[in-house]
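Chemist: As input, take start07.cif (mmCIF, C-alpha atoms and all ligand atoms; chains and numbers go by the auth columns):
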data_model
#
loop_
_atom_site.group_PDB
_atom_site.id
_atom_site.type_symbol
_atom_site.label_atom_id
_atom_site.label_comp_id
_atom_site.label_asym_id
_atom_site.label_seq_id
_atom_site.Cartn_x
_atom_site.Cartn_y
_atom_site.Cartn_z
_atom_site.B_iso_or_equiv
_atom_site.auth_seq_id
_atom_site.auth_asym_id
ATOM 1 C CA MET A 1 0.000 0.000 0.000 0.00 71 B
ATOM 2 C CA ALA A 2 1.279 3.455 -0.864 0.00 72 B
ATOM 3 C CA ARG A 3 1.461 5.990 1.922 0.00 73 B
ATOM 4 C CA ARG A 4 1.623 9.756 2.140 0.00 74 B
ATOM 5 C CA GLY A 5 4.697 11.458 3.530 0.00 75 B
ATOM 6 C CA LEU A 6 4.621 12.766 7.077 0.00 76 B
ATOM 7 C CA LEU A 7 5.845 16.201 8.121 0.00 77 B
ATOM 8 C CA ILE A 8 7.764 15.231 11.255 0.00 78 B
ATOM 9 C CA ILE A 9 8.349 18.299 13.434 0.00 79 B
ATOM 10 C CA LEU A 10 10.866 18.214 16.293 0.00 80 B
ATOM 11 C CA SER A 11 10.911 21.145 18.718 0.00 81 B
ATOM 12 C CA SER A 12 12.447 21.777 22.125 0.00 82 B
ATOM 13 C CA PRO A 13 14.283 24.479 24.023 0.00 83 B
ATOM 14 C CA SER A 14 17.768 24.921 22.606 0.00 84 B
ATOM 15 C CA GLY A 15 20.082 22.171 23.866 0.00 85 B
ATOM 16 C CA ALA A 16 17.375 19.626 24.750 0.00 86 B
ATOM 17 C CA GLY A 17 18.307 17.292 21.886 0.00 87 B
ATOM 18 C CA LYS A 18 16.495 18.074 18.608 0.00 88 B
ATOM 19 C CA SER A 19 19.579 17.887 16.349 0.00 89 B
ATOM 20 C CA THR A 20 20.823 14.732 18.050 0.00 90 B
ATOM 21 C CA HIS A 21 17.504 12.925 17.576 0.00 91 B
ATOM 22 C CA SER A 22 17.067 14.311 14.093 0.00 92 B
ATOM 23 C CA LYS A 23 20.418 12.772 13.084 0.00 93 B
ATOM 24 C CA ARG A 24 19.649 9.464 14.810 0.00 94 B
ATOM 25 C CA LEU A 25 16.223 9.194 13.190 0.00 95 B
ATOM 26 C CA ARG A 26 17.699 9.779 9.731 0.00 96 B
ATOM 27 C CA ALA A 27 20.463 7.260 10.379 0.00 97 B
ATOM 28 C CA TRP A 28 17.761 4.722 11.318 0.00 98 B
ATOM 29 C CA ASP A 29 15.732 5.528 8.165 0.00 99 B
ATOM 30 C CA PRO A 30 17.789 7.323 5.512 0.00 100 B
ATOM 31 C CA THR A 31 14.690 7.809 3.326 0.00 101 B
ATOM 32 C CA ILE A 32 13.552 10.551 5.741 0.00 102 B
ATOM 33 C CA ARG A 33 14.455 13.879 4.158 0.00 103 B
ATOM 34 C CA PHE A 34 15.687 16.738 6.338 0.00 104 B
ATOM 35 C CA SER A 35 14.157 20.142 5.656 0.00 105 B
ATOM 36 C CA VAL A 36 17.240 22.359 5.405 0.00 106 B
ATOM 37 C CA SER A 37 16.181 25.720 6.825 0.00 107 B
ATOM 38 C CA ALA A 38 17.288 29.121 5.642 0.00 108 B
ATOM 39 C CA THR A 39 18.741 31.341 8.364 0.00 109 B
ATOM 40 C CA THR A 40 20.405 34.700 8.810 0.00 110 B
ATOM 41 C CA ARG A 41 22.467 33.394 11.754 0.00 111 B
ATOM 42 C CA GLN A 42 26.228 32.977 11.319 0.00 112 B
ATOM 43 C CA PRO A 43 27.427 29.416 10.607 0.00 113 B
ATOM 44 C CA ARG A 44 28.853 27.526 13.606 0.00 114 B
ATOM 45 C CA GLU A 45 32.154 25.753 13.263 0.00 115 B
ATOM 46 C CA GLY A 46 31.654 22.644 11.134 0.00 116 B
ATOM 47 C CA GLU A 47 28.264 23.667 9.741 0.00 117 B
ATOM 48 C CA VAL A 48 27.964 23.238 5.991 0.00 118 B
ATOM 49 C CA ASP A 49 25.977 25.628 3.796 0.00 119 B
ATOM 50 C CA GLY A 50 23.180 23.723 2.042 0.00 120 B
ATOM 51 C CA LYS A 51 23.427 20.761 4.436 0.00 121 B
ATOM 52 C CA ASP A 52 22.870 22.152 7.933 0.00 122 B
ATOM 53 C CA TYR A 53 21.326 25.437 6.830 0.00 123 B
ATOM 54 C CA HIS A 54 21.088 27.696 3.809 0.00 124 B
ATOM 55 C CA PHE A 55 22.965 30.690 5.218 0.00 125 B
ATOM 56 C CA LYS A 56 21.421 33.937 3.945 0.00 126 B
ATOM 57 C CA THR A 57 21.763 37.659 4.393 0.00 127 B
ATOM 58 C CA GLU A 58 18.746 39.445 5.822 0.00 128 B
ATOM 59 C CA ALA A 59 17.958 40.922 2.388 0.00 129 B
ATOM 60 C CA GLU A 60 18.086 37.479 0.759 0.00 130 B
ATOM 61 C CA PHE A 61 15.854 36.052 3.477 0.00 131 B
ATOM 62 C CA ARG A 62 13.282 38.830 3.124 0.00 132 B
ATOM 63 C CA GLN A 63 13.250 38.269 -0.631 0.00 133 B
ATOM 64 C CA LEU A 64 12.423 34.536 -0.166 0.00 134 B
ATOM 65 C CA VAL A 65 9.575 35.442 2.187 0.00 135 B
ATOM 66 C CA SER A 66 8.171 38.089 -0.139 0.00 136 B
ATOM 67 C CA GLU A 67 8.191 35.570 -3.017 0.00 137 B
ATOM 68 C CA ASN A 68 6.151 33.137 -0.864 0.00 138 B
ATOM 69 C CA LYS A 69 8.921 30.569 -1.007 0.00 139 B
ATOM 70 C CA MET A 70 8.713 29.734 2.716 0.00 140 B
ATOM 71 C CA LEU A 71 6.337 27.213 4.273 0.00 141 B
ATOM 72 C CA GLU A 72 6.924 29.047 7.579 0.00 142 B
ATOM 73 C CA HIS A 73 9.367 31.520 9.032 0.00 143 B
ATOM 74 C CA ALA A 74 10.099 33.098 12.396 0.00 144 B
ATOM 75 C CA HIS A 75 12.457 35.357 14.299 0.00 145 B
ATOM 76 C CA VAL A 76 14.331 33.253 16.878 0.00 146 B
ATOM 77 C CA PHE A 77 17.169 34.406 19.196 0.00 147 B
ATOM 78 C CA GLY A 78 17.640 37.563 17.108 0.00 148 B
ATOM 79 C CA ASN A 79 17.890 35.820 13.715 0.00 149 B
ATOM 80 C CA PHE A 80 15.464 34.805 10.981 0.00 150 B
ATOM 81 C CA TYR A 81 14.813 31.135 10.284 0.00 151 B
ATOM 82 C CA GLY A 82 12.472 29.544 7.757 0.00 152 B
ATOM 83 C CA SER A 83 11.620 26.310 5.945 0.00 153 B
ATOM 84 C CA PRO A 84 11.710 26.480 2.122 0.00 154 B
ATOM 85 C CA MET A 85 8.445 25.262 0.564 0.00 155 B
ATOM 86 C CA ASP A 86 9.488 23.515 -2.683 0.00 156 B
ATOM 87 C CA PRO A 87 11.505 20.578 -1.251 0.00 157 B
ATOM 88 C CA VAL A 88 8.682 19.832 1.190 0.00 158 B
ATOM 89 C CA GLN A 89 5.992 19.683 -1.497 0.00 159 B
ATOM 90 C CA GLU A 90 8.232 17.544 -3.657 0.00 160 B
ATOM 91 C CA ALA A 91 8.861 15.030 -0.857 0.00 161 B
ATOM 92 C CA ILE A 92 5.227 14.794 0.207 0.00 162 B
ATOM 93 C CA SER A 93 4.068 14.163 -3.357 0.00 163 B
ATOM 94 C CA GLU A 94 6.626 11.333 -3.566 0.00 164 B
ATOM 95 C CA GLY A 95 5.334 9.805 -0.307 0.00 165 B
ATOM 96 C CA VAL A 96 8.590 10.661 1.473 0.00 166 B
ATOM 97 C CA ASP A 97 8.694 11.893 5.102 0.00 167 B
ATOM 98 C CA VAL A 98 10.232 15.291 5.831 0.00 168 B
ATOM 99 C CA LEU A 99 11.878 16.136 9.145 0.00 169 B
ATOM 100 C CA PHE A 100 11.777 19.687 10.546 0.00 170 B
ATOM 101 C CA ASP A 101 13.878 21.104 13.375 0.00 171 B
ATOM 102 C CA VAL A 102 11.875 24.269 14.062 0.00 172 B
ATOM 103 C CA ASP A 103 10.728 26.329 17.031 0.00 173 B
ATOM 104 C CA TRP A 104 7.117 26.480 18.290 0.00 174 B
ATOM 105 C CA GLN A 105 6.235 29.344 15.936 0.00 175 B
ATOM 106 C CA GLY A 106 7.319 27.306 12.921 0.00 176 B
ATOM 107 C CA ALA A 107 5.435 24.266 14.226 0.00 177 B
ATOM 108 C CA GLU A 108 2.227 26.316 14.554 0.00 178 B
ATOM 109 C CA GLN A 109 2.535 27.711 11.033 0.00 179 B
ATOM 110 C CA ILE A 110 3.162 24.284 9.481 0.00 180 B
ATOM 111 C CA LYS A 111 0.162 22.838 11.366 0.00 181 B
ATOM 112 C CA ASP A 112 -1.993 25.714 10.054 0.00 182 B
ATOM 113 C CA SER A 113 -0.757 25.277 6.458 0.00 183 B
ATOM 114 C CA PRO A 114 -2.534 23.207 3.784 0.00 184 B
ATOM 115 C CA LEU A 115 -0.087 20.387 4.633 0.00 185 B
ATOM 116 C CA GLY A 116 -1.124 20.464 8.306 0.00 186 B
ATOM 117 C CA GLN A 117 -3.085 17.203 8.148 0.00 187 B
ATOM 118 C CA HIS A 118 0.175 15.326 7.526 0.00 188 B
ATOM 119 C CA VAL A 119 2.003 16.732 10.556 0.00 189 B
ATOM 120 C CA LEU A 120 3.467 14.623 13.351 0.00 190 B
ATOM 121 C CA SER A 121 4.795 16.974 16.031 0.00 191 B
ATOM 122 C CA VAL A 122 7.141 15.928 18.831 0.00 192 B
ATOM 123 C CA PHE A 123 8.440 18.100 21.663 0.00 193 B
ATOM 124 C CA PHE A 124 11.530 17.190 23.714 0.00 194 B
ATOM 125 C CA LEU A 125 11.732 18.254 27.343 0.00 195 B
ATOM 126 C CA PRO A 126 15.063 18.220 29.185 0.00 196 B
ATOM 127 C CA PRO A 127 15.232 16.143 32.392 0.00 197 B
ATOM 128 C CA SER A 128 16.013 19.379 34.317 0.00 198 B
ATOM 129 C CA ILE A 129 16.959 23.002 33.659 0.00 199 B
ATOM 130 C CA ALA A 130 20.429 22.395 35.174 0.00 200 B
ATOM 131 C CA GLU A 131 20.967 19.528 32.694 0.00 201 B
ATOM 132 C CA LEU A 132 19.781 21.752 29.833 0.00 202 B
ATOM 133 C CA ARG A 133 22.470 24.303 30.678 0.00 203 B
ATOM 134 C CA ARG A 134 25.061 21.550 31.052 0.00 204 B
ATOM 135 C CA ARG A 135 24.197 20.241 27.567 0.00 205 B
ATOM 136 C CA LEU A 136 24.398 23.691 25.988 0.00 206 B
ATOM 137 C CA GLU A 137 27.805 24.193 27.602 0.00 207 B
ATOM 138 C CA SER A 138 29.067 20.703 26.728 0.00 208 B
ATOM 139 C CA ARG A 139 28.083 21.200 23.071 0.00 209 B
ATOM 140 C CA GLY A 140 30.848 23.795 23.088 0.00 210 B
ATOM 141 C CA GLN A 141 29.489 25.708 20.105 0.00 211 B
ATOM 142 C CA ASP A 142 28.164 28.883 21.686 0.00 212 B
ATOM 143 C CA ASP A 143 29.802 31.546 23.851 0.00 213 B
ATOM 144 C CA LYS A 144 28.498 32.317 27.352 0.00 214 B
ATOM 145 C CA ALA A 145 26.381 35.297 26.223 0.00 215 B
ATOM 146 C CA THR A 146 24.664 33.160 23.559 0.00 216 B
ATOM 147 C CA ILE A 147 24.049 30.357 26.063 0.00 217 B
ATOM 148 C CA ASP A 148 22.601 32.854 28.566 0.00 218 B
ATOM 149 C CA LYS A 149 20.284 34.211 25.868 0.00 219 B
ATOM 150 C CA ARG A 150 19.122 30.709 24.924 0.00 220 B
ATOM 151 C CA MET A 151 18.586 29.697 28.551 0.00 221 B
ATOM 152 C CA ALA A 152 16.551 32.867 29.127 0.00 222 B
ATOM 153 C CA GLN A 153 14.285 31.911 26.196 0.00 223 B
ATOM 154 C CA SER A 154 13.963 28.260 27.137 0.00 224 B
ATOM 155 C CA TRP A 155 10.853 28.736 29.284 0.00 225 B
ATOM 156 C CA ASP A 156 9.061 30.505 26.459 0.00 226 B
ATOM 157 C CA GLU A 157 9.673 27.459 24.221 0.00 227 B
ATOM 158 C CA ILE A 158 8.779 24.927 26.952 0.00 228 B
ATOM 159 C CA SER A 159 5.504 26.753 27.671 0.00 229 B
ATOM 160 C CA HIS A 160 4.183 25.521 24.278 0.00 230 B
ATOM 161 C CA TRP A 161 4.599 21.831 25.093 0.00 231 B
ATOM 162 C CA ARG A 162 0.852 21.140 25.101 0.00 232 B
ATOM 163 C CA SER A 163 0.513 22.029 21.405 0.00 233 B
ATOM 164 C CA TYR A 164 2.487 18.955 20.325 0.00 234 B
ATOM 165 C CA ASP A 165 1.154 15.473 19.493 0.00 235 B
ATOM 166 C CA TYR A 166 3.863 13.773 21.574 0.00 236 B
ATOM 167 C CA VAL A 167 6.136 15.000 24.364 0.00 237 B
ATOM 168 C CA LEU A 168 9.281 13.040 25.266 0.00 238 B
ATOM 169 C CA VAL A 169 11.584 13.655 28.227 0.00 239 B
ATOM 170 C CA ASN A 170 15.026 13.308 26.652 0.00 240 B
ATOM 171 C CA ASP A 171 16.837 11.779 29.611 0.00 241 B
ATOM 172 C CA ASP A 172 18.376 8.555 28.316 0.00 242 B
ATOM 173 C CA LEU A 173 19.384 9.018 24.685 0.00 243 B
ATOM 174 C CA ASP A 174 18.803 5.424 23.514 0.00 244 B
ATOM 175 C CA LYS A 175 15.470 5.128 25.317 0.00 245 B
ATOM 176 C CA THR A 176 14.196 8.378 23.815 0.00 246 B
ATOM 177 C CA GLU A 177 15.419 7.364 20.363 0.00 247 B
ATOM 178 C CA ALA A 178 13.466 4.095 20.621 0.00 248 B
ATOM 179 C CA GLU A 179 10.350 6.019 21.694 0.00 249 B
ATOM 180 C CA LEU A 180 10.662 8.358 18.731 0.00 250 B
ATOM 181 C CA ARG A 181 10.974 5.446 16.294 0.00 251 B
ATOM 182 C CA THR A 182 7.868 3.811 17.751 0.00 252 B
ATOM 183 C CA ILE A 183 5.916 7.046 17.305 0.00 253 B
ATOM 184 C CA VAL A 184 7.039 7.450 13.679 0.00 254 B
ATOM 185 C CA GLN A 185 6.190 3.837 12.853 0.00 255 B
ATOM 186 C CA GLY A 186 2.723 4.199 14.375 0.00 256 B
ATOM 187 C CA GLU A 187 1.950 7.530 12.719 0.00 257 B
ATOM 188 C CA ARG A 188 2.899 6.176 9.306 0.00 258 B
ATOM 189 C CA MET A 189 0.005 3.721 9.695 0.00 259 B
ATOM 190 C CA ARG A 190 -2.584 6.456 10.342 0.00 260 B
ATOM 191 C CA ARG A 191 -5.666 5.979 8.182 0.00 261 B
ATOM 192 C CA ASP A 192 -5.318 9.359 6.507 0.00 262 B
ATOM 193 C CA GLN A 193 -1.678 8.598 5.649 0.00 263 B
ATOM 194 C CA GLN A 194 -2.733 5.601 3.543 0.00 264 B
ATOM 195 C CA PRO A 195 -4.462 6.915 0.401 0.00 265 B
ATOM 196 C CA ASP A 196 -5.062 3.440 -1.108 0.00 266 B
ATOM 197 C CA LEU A 197 -7.187 2.165 1.759 0.00 267 B
ATOM 198 C CA ALA A 198 -10.447 3.548 0.344 0.00 268 B
ATOM 199 C CA ASP A 199 -9.855 1.698 -2.975 0.00 269 B
ATOM 200 C CA HIS A 200 -9.075 -1.467 -1.090 0.00 270 B
ATOM 201 C CA VAL A 201 -12.279 -1.243 0.919 0.00 271 B
ATOM 202 C CA ARG A 202 -14.239 -0.599 -2.308 0.00 272 B
ATOM 203 C CA ALA A 203 -12.700 -3.743 -3.811 0.00 273 B
ATOM 204 C CA LEU A 204 -13.689 -5.693 -0.703 0.00 274 B
ATOM 205 C CA GLN A 205 -17.220 -4.332 -1.029 0.00 275 B
ATOM 206 C CA ASP A 206 -17.429 -5.374 -4.713 0.00 276 B
ATOM 207 C CA GLU A 207 -16.206 -8.833 -3.846 0.00 277 B
ATOM 208 C CA PHE A 208 -18.714 -9.035 -1.020 0.00 278 B
ATOM 209 C CA ALA A 209 -21.542 -8.119 -3.400 0.00 279 B
ATOM 210 C CA ARG A 210 -20.338 -10.620 -6.025 0.00 280 B
ATOM 211 C CA LEU A 211 -20.262 -13.418 -3.515 0.00 281 B
ATOM 212 C CA GLY A 212 -23.857 -12.520 -2.612 0.00 282 B
HETATM 213 P P1 LIG B . 19.298 21.056 20.193 0.00 301 C
HETATM 214 O O1 LIG B . 19.400 20.621 18.759 0.00 301 C
HETATM 215 O O2 LIG B . 17.935 20.829 20.773 0.00 301 C
HETATM 216 O O3 LIG B . 19.763 22.453 20.424 0.00 301 C
HETATM 217 P P2 LIG B . 21.434 19.105 20.609 0.00 301 C
HETATM 218 O O4 LIG B . 20.875 17.892 19.947 0.00 301 C
HETATM 219 O O5 LIG B . 22.511 19.867 19.901 0.00 301 C
HETATM 220 O O6 LIG B . 20.256 20.087 21.068 0.00 301 C
HETATM 221 O O7 LIG B . 21.965 18.632 22.059 0.00 301 C
HETATM 222 C C1 LIG B . 22.711 19.511 22.906 0.00 301 C
HETATM 223 C C2 LIG B . 23.860 18.709 23.545 0.00 301 C
HETATM 224 O O8 LIG B . 23.303 17.729 24.437 0.00 301 C
HETATM 225 C C3 LIG B . 24.715 17.952 22.538 0.00 301 C
HETATM 226 O O9 LIG B . 26.069 18.042 22.955 0.00 301 C
HETATM 227 C C4 LIG B . 24.192 16.524 22.618 0.00 301 C
HETATM 228 O O10 LIG B . 25.219 15.578 22.336 0.00 301 C
HETATM 229 C C5 LIG B . 23.748 16.413 24.082 0.00 301 C
HETATM 230 N N1 LIG B . 22.597 15.511 24.287 0.00 301 C
HETATM 231 C C6 LIG B . 21.463 15.417 23.560 0.00 301 C
HETATM 232 N N2 LIG B . 20.622 14.497 24.074 0.00 301 C
HETATM 233 C C7 LIG B . 21.232 14.001 25.181 0.00 301 C
HETATM 234 C C8 LIG B . 20.872 12.997 26.163 0.00 301 C
HETATM 235 N N3 LIG B . 19.716 12.340 26.112 0.00 301 C
HETATM 236 N N4 LIG B . 21.748 12.740 27.148 0.00 301 C
HETATM 237 C C9 LIG B . 22.930 13.405 27.215 0.00 301 C
HETATM 238 N N5 LIG B . 23.351 14.348 26.330 0.00 301 C
HETATM 239 C C10 LIG B . 22.506 14.655 25.318 0.00 301 C
HETATM 240 P P1 LIG B . 20.049 26.964 16.082 0.00 302 C
HETATM 241 O O1 LIG B . 20.523 28.365 15.872 0.00 302 C
HETATM 242 O O2 LIG B . 20.455 26.396 17.420 0.00 302 C
HETATM 243 O O3 LIG B . 20.417 26.042 14.944 0.00 302 C
HETATM 244 O O4 LIG B . 18.462 27.021 16.110 0.00 302 C
HETATM 245 C C1 LIG B . 17.831 27.900 16.982 0.00 302 C
HETATM 246 C C2 LIG B . 16.332 27.664 17.007 0.00 302 C
HETATM 247 O O5 LIG B . 15.784 27.951 15.729 0.00 302 C
HETATM 248 C C3 LIG B . 15.941 26.212 17.339 0.00 302 C
HETATM 249 O O6 LIG B . 14.821 26.262 18.217 0.00 302 C
HETATM 250 C C4 LIG B . 15.513 25.661 16.013 0.00 302 C
HETATM 251 O O7 LIG B . 14.530 24.643 16.133 0.00 302 C
HETATM 252 C C5 LIG B . 14.913 26.900 15.360 0.00 302 C
HETATM 253 N N1 LIG B . 14.862 26.784 13.905 0.00 302 C
HETATM 254 C C6 LIG B . 15.788 26.252 13.070 0.00 302 C
HETATM 255 N N2 LIG B . 15.350 26.291 11.798 0.00 302 C
HETATM 256 C C7 LIG B . 14.130 26.849 11.830 0.00 302 C
HETATM 257 C C8 LIG B . 13.143 27.156 10.831 0.00 302 C
HETATM 258 O O8 LIG B . 13.302 26.916 9.642 0.00 302 C
HETATM 259 N N3 LIG B . 12.006 27.750 11.264 0.00 302 C
HETATM 260 C C9 LIG B . 11.770 28.030 12.571 0.00 302 C
HETATM 261 N N4 LIG B . 10.581 28.577 12.869 0.00 302 C
HETATM 262 N N5 LIG B . 12.647 27.759 13.528 0.00 302 C
HETATM 263 C C10 LIG B . 13.813 27.171 13.167 0.00 302 C
#
Produce C-alpha cells that represent the structure in this file.
Modeler:
Amino acid sequence: MARRGLLIILSSPSGAGKSTHSKRLRAWDPTIRFSVSATTRQPREGEVDGKDYHFKTEAEFRQLVSENKMLEHAHVFGNFYGSPMDPVQEAISEGVDVLFDVDWQGAEQIKDSPLGQHVLSVFFLPPSIAELRRRLESRGQDDKATIDKRMAQSWDEISHWRSYDYVLVNDDLDKTEAELRTIVQGERMRRDQQPDLADHVRALQDEFARLG
C-alpha cells in the first residue's frame, strides 16, 4: 500500500536534543528527508551551507519570504529562520517523510498550512533546567552570552509543550530514540496517511456483493 509522507516536526528548548535525535532518526531511516532551513544566523564551526542550513543575508531572506517561497518563518534568538516550501511539497508528493527542526512558531505555522493534516509533532523536554544548561555548555558551540540568551528563552519554548502530538523527556538518549521510532512507525500507519485504503475497501465491497 502506498502511503503519504509525514511532516515530522521536532521542537524543544535549545540544547534539549532536537539535532541529536534528528540525526539518529535519519540514520535509522535514511529515506527521511531533512528540511534544510534558511537562516540569517552565522554558521557555527563545522556547519555546511546547504546541508545544515542555507545561510542567507537578511535581504536574501526577506526576498524569499516576499516571493512566498517559505512554508513558515520566524524570528528566533535575534535571527530569521524559515523552511523552504518547494523541497517539502516535492517530498510529500513522492510519499517521502520530511523532518523539521523548528521552534514552536514554525510548528504552529506548518500545522496551520494546507499540509497540516500530515504533521506529526514531537516536543523534547530536558530532564532538568540544570541539565539543559550543562548540555548547551558541553556542546561547546556557543559563547556564554549566547548560552545565557538561549537559557533565558527556554521557558518561552517549553511553555508551548501542550501544542504537540507527543512529548518526550530526553533523559536517556537510547530510550528516547526508541520512543521516537515507535511514534514514527505508528503515525505512518494512520488511516489518513494511507491513500489506497479507500480503494481497497471498495474492492472488498465489490467482492462481497459478487459473492452474494
Ligand atoms: P538542540 O538541537 O535541541 O539544540 P542538541 O541535539 O545539539 O540540542 O543537544 C545539545 C547537547 O546535548 C549535545 O552536545 C548533545 O550531544 C547532548 N545531548 C542530547 N541528548 C542528550 C541525552 N539524552 N543525554 C545526554 N546528552 C545529550
Ligand atoms: P540553532 O541556531 O540552534 O540552529 O536554532 C535555533 C532555534 O531555531 C531552534 O529552536 C531551532 O529549532 C529553530 N529553527 C531552526 N530552523 C528553523 C526554521 O526553519 N524555522 C523556525 N521557525 N525555527 C527554526
Chemist: Apply the PyMOL selection byres (((chain B and resi 73) around 7) and not hetatm) to the file shown and report the selected residues as a list in words.
Modeler: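 Applying the expression gives Met71, Ala72, Arg74, Gly75, Gly165, Gln263, Gln264 and Pro265 of chain B.
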Chemist: May I have the residues within 6 Å of Phe150 (chain B) as JSON, numbers by chain, using all atoms listed in the file and disregarding those fewer than 4 positions away in the same chain?
Modeler: {"B": [109, 110, 144, 145]}
Chemist: So how far away is CA of Met259 (chain B) from atom O7 of ligand LIG 302 (chain C), in Å?
Modeler: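 Pair atom O7 of ligand LIG 302 (chain C) / CA of Met259 (chain B) returns 26.3 Å.
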Chemist: Taking the file as shown, what set of residues would the PyMOL selection byres (((chain B and resi 119-136) around 7) and not hetatm) give back, as a list in words?
Modeler: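 After applying the PyMOL selection byres (((chain B and resi 119-136) around 7) and not hetatm), what remains is Val106, Ser107, Ala108, Thr109, Thr110, Glu117, Val118, Glu137, Asn138, Lys139 and Met140 of chain B.
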Chemist: Quick one: everything within 12 Å of Thr101 (chain B), counting only C-alpha atoms, minus sequence neighbours fewer than 4 positions away in the same chain. Send it as a PDB file with C-alpha atoms, keeping the file's coordinate frame.
Modeler:
ATOM      1  CA  GLY B  75       4.697  11.458   3.530  1.00  0.00           C
ATOM      2  CA  LEU B  76       4.621  12.766   7.077  1.00  0.00           C
ATOM      3  CA  LEU B  95      16.223   9.194  13.190  1.00  0.00           C
ATOM      4  CA  ARG B  96      17.699   9.779   9.731  1.00  0.00           C
ATOM      5  CA  ALA B  97      20.463   7.260  10.379  1.00  0.00           C
ATOM      6  CA  ALA B 161       8.861  15.030  -0.857  1.00  0.00           C
ATOM      7  CA  GLU B 164       6.626  11.333  -3.566  1.00  0.00           C
ATOM      8  CA  GLY B 165       5.334   9.805  -0.307  1.00  0.00           C
ATOM      9  CA  VAL B 166       8.590  10.661   1.473  1.00  0.00           C
ATOM     10  CA  ASP B 167       8.694  11.893   5.102  1.00  0.00           C
ATOM     11  CA  VAL B 168      10.232  15.291   5.831  1.00  0.00           C
ATOM     12  CA  LEU B 169      11.878  16.136   9.145  1.00  0.00           C
TER      13      LEU B 169
END
Chemist: Just add N, CA, C and O atoms to region 259-271 of chain B and send it as a short mmCIF file (atom, residue, chain, number, x, y, z; two decimals), keeping the file's coordinate frame.
Modeler:
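What landed in part_4.cif:
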data_model
loop_
_atom_site.label_atom_id
_atom_site.label_comp_id
_atom_site.auth_asym_id
_atom_site.auth_seq_id
_atom_site.Cartn_x
_atom_site.Cartn_y
_atom_site.Cartn_z
N MET B 259 1.14 4.63 9.94
CA MET B 259 0.00 3.72 9.70
C MET B 259 -1.33 4.43 9.85
O MET B 259 -2.39 3.81 9.70
N ARG B 260 -1.32 5.73 10.17
CA ARG B 260 -2.58 6.46 10.34
C ARG B 260 -3.45 6.29 9.10
O ARG B 260 -2.93 6.30 7.98
N ARG B 261 -4.75 6.18 9.32
CA ARG B 261 -5.67 5.98 8.18
C ARG B 261 -5.48 7.05 7.11
O ARG B 261 -5.36 6.73 5.92
N ASP B 262 -5.41 8.30 7.52
CA ASP B 262 -5.32 9.36 6.51
C ASP B 262 -3.93 9.45 5.87
O ASP B 262 -3.71 10.26 4.98
N GLN B 263 -3.00 8.63 6.31
CA GLN B 263 -1.68 8.60 5.65
C GLN B 263 -1.63 7.48 4.60
O GLN B 263 -0.62 7.30 3.94
N GLN B 264 -2.73 6.72 4.49
CA GLN B 264 -2.73 5.60 3.54
C GLN B 264 -3.81 5.83 2.48
O GLN B 264 -4.94 5.38 2.63
N PRO B 265 -3.46 6.51 1.39
CA PRO B 265 -4.46 6.92 0.40
C PRO B 265 -5.13 5.74 -0.32
O PRO B 265 -6.23 5.89 -0.83
N ASP B 266 -4.50 4.56 -0.35
CA ASP B 266 -5.06 3.44 -1.11
C ASP B 266 -6.10 2.64 -0.33
O ASP B 266 -6.73 1.75 -0.87
N LEU B 267 -6.27 2.97 0.93
CA LEU B 267 -7.19 2.16 1.76
C LEU B 267 -8.62 2.22 1.24
O LEU B 267 -9.30 1.20 1.19
N ALA B 268 -9.06 3.41 0.80
CA ALA B 268 -10.45 3.55 0.34
C ALA B 268 -10.69 2.64 -0.86
O ALA B 268 -11.72 1.97 -0.95
N ASP B 269 -9.72 2.57 -1.80
CA ASP B 269 -9.86 1.70 -2.98
C ASP B 269 -9.92 0.24 -2.54
O ASP B 269 -10.67 -0.55 -3.08
N HIS B 270 -9.11 -0.08 -1.56
CA HIS B 270 -9.07 -1.47 -1.09
C HIS B 270 -10.42 -1.86 -0.49
O HIS B 270 -10.95 -2.95 -0.76
N VAL B 271 -10.99 -0.95 0.29
CA VAL B 271 -12.28 -1.24 0.92
C VAL B 271 -13.36 -1.36 -0.16
O VAL B 271 -14.23 -2.24 -0.09
#
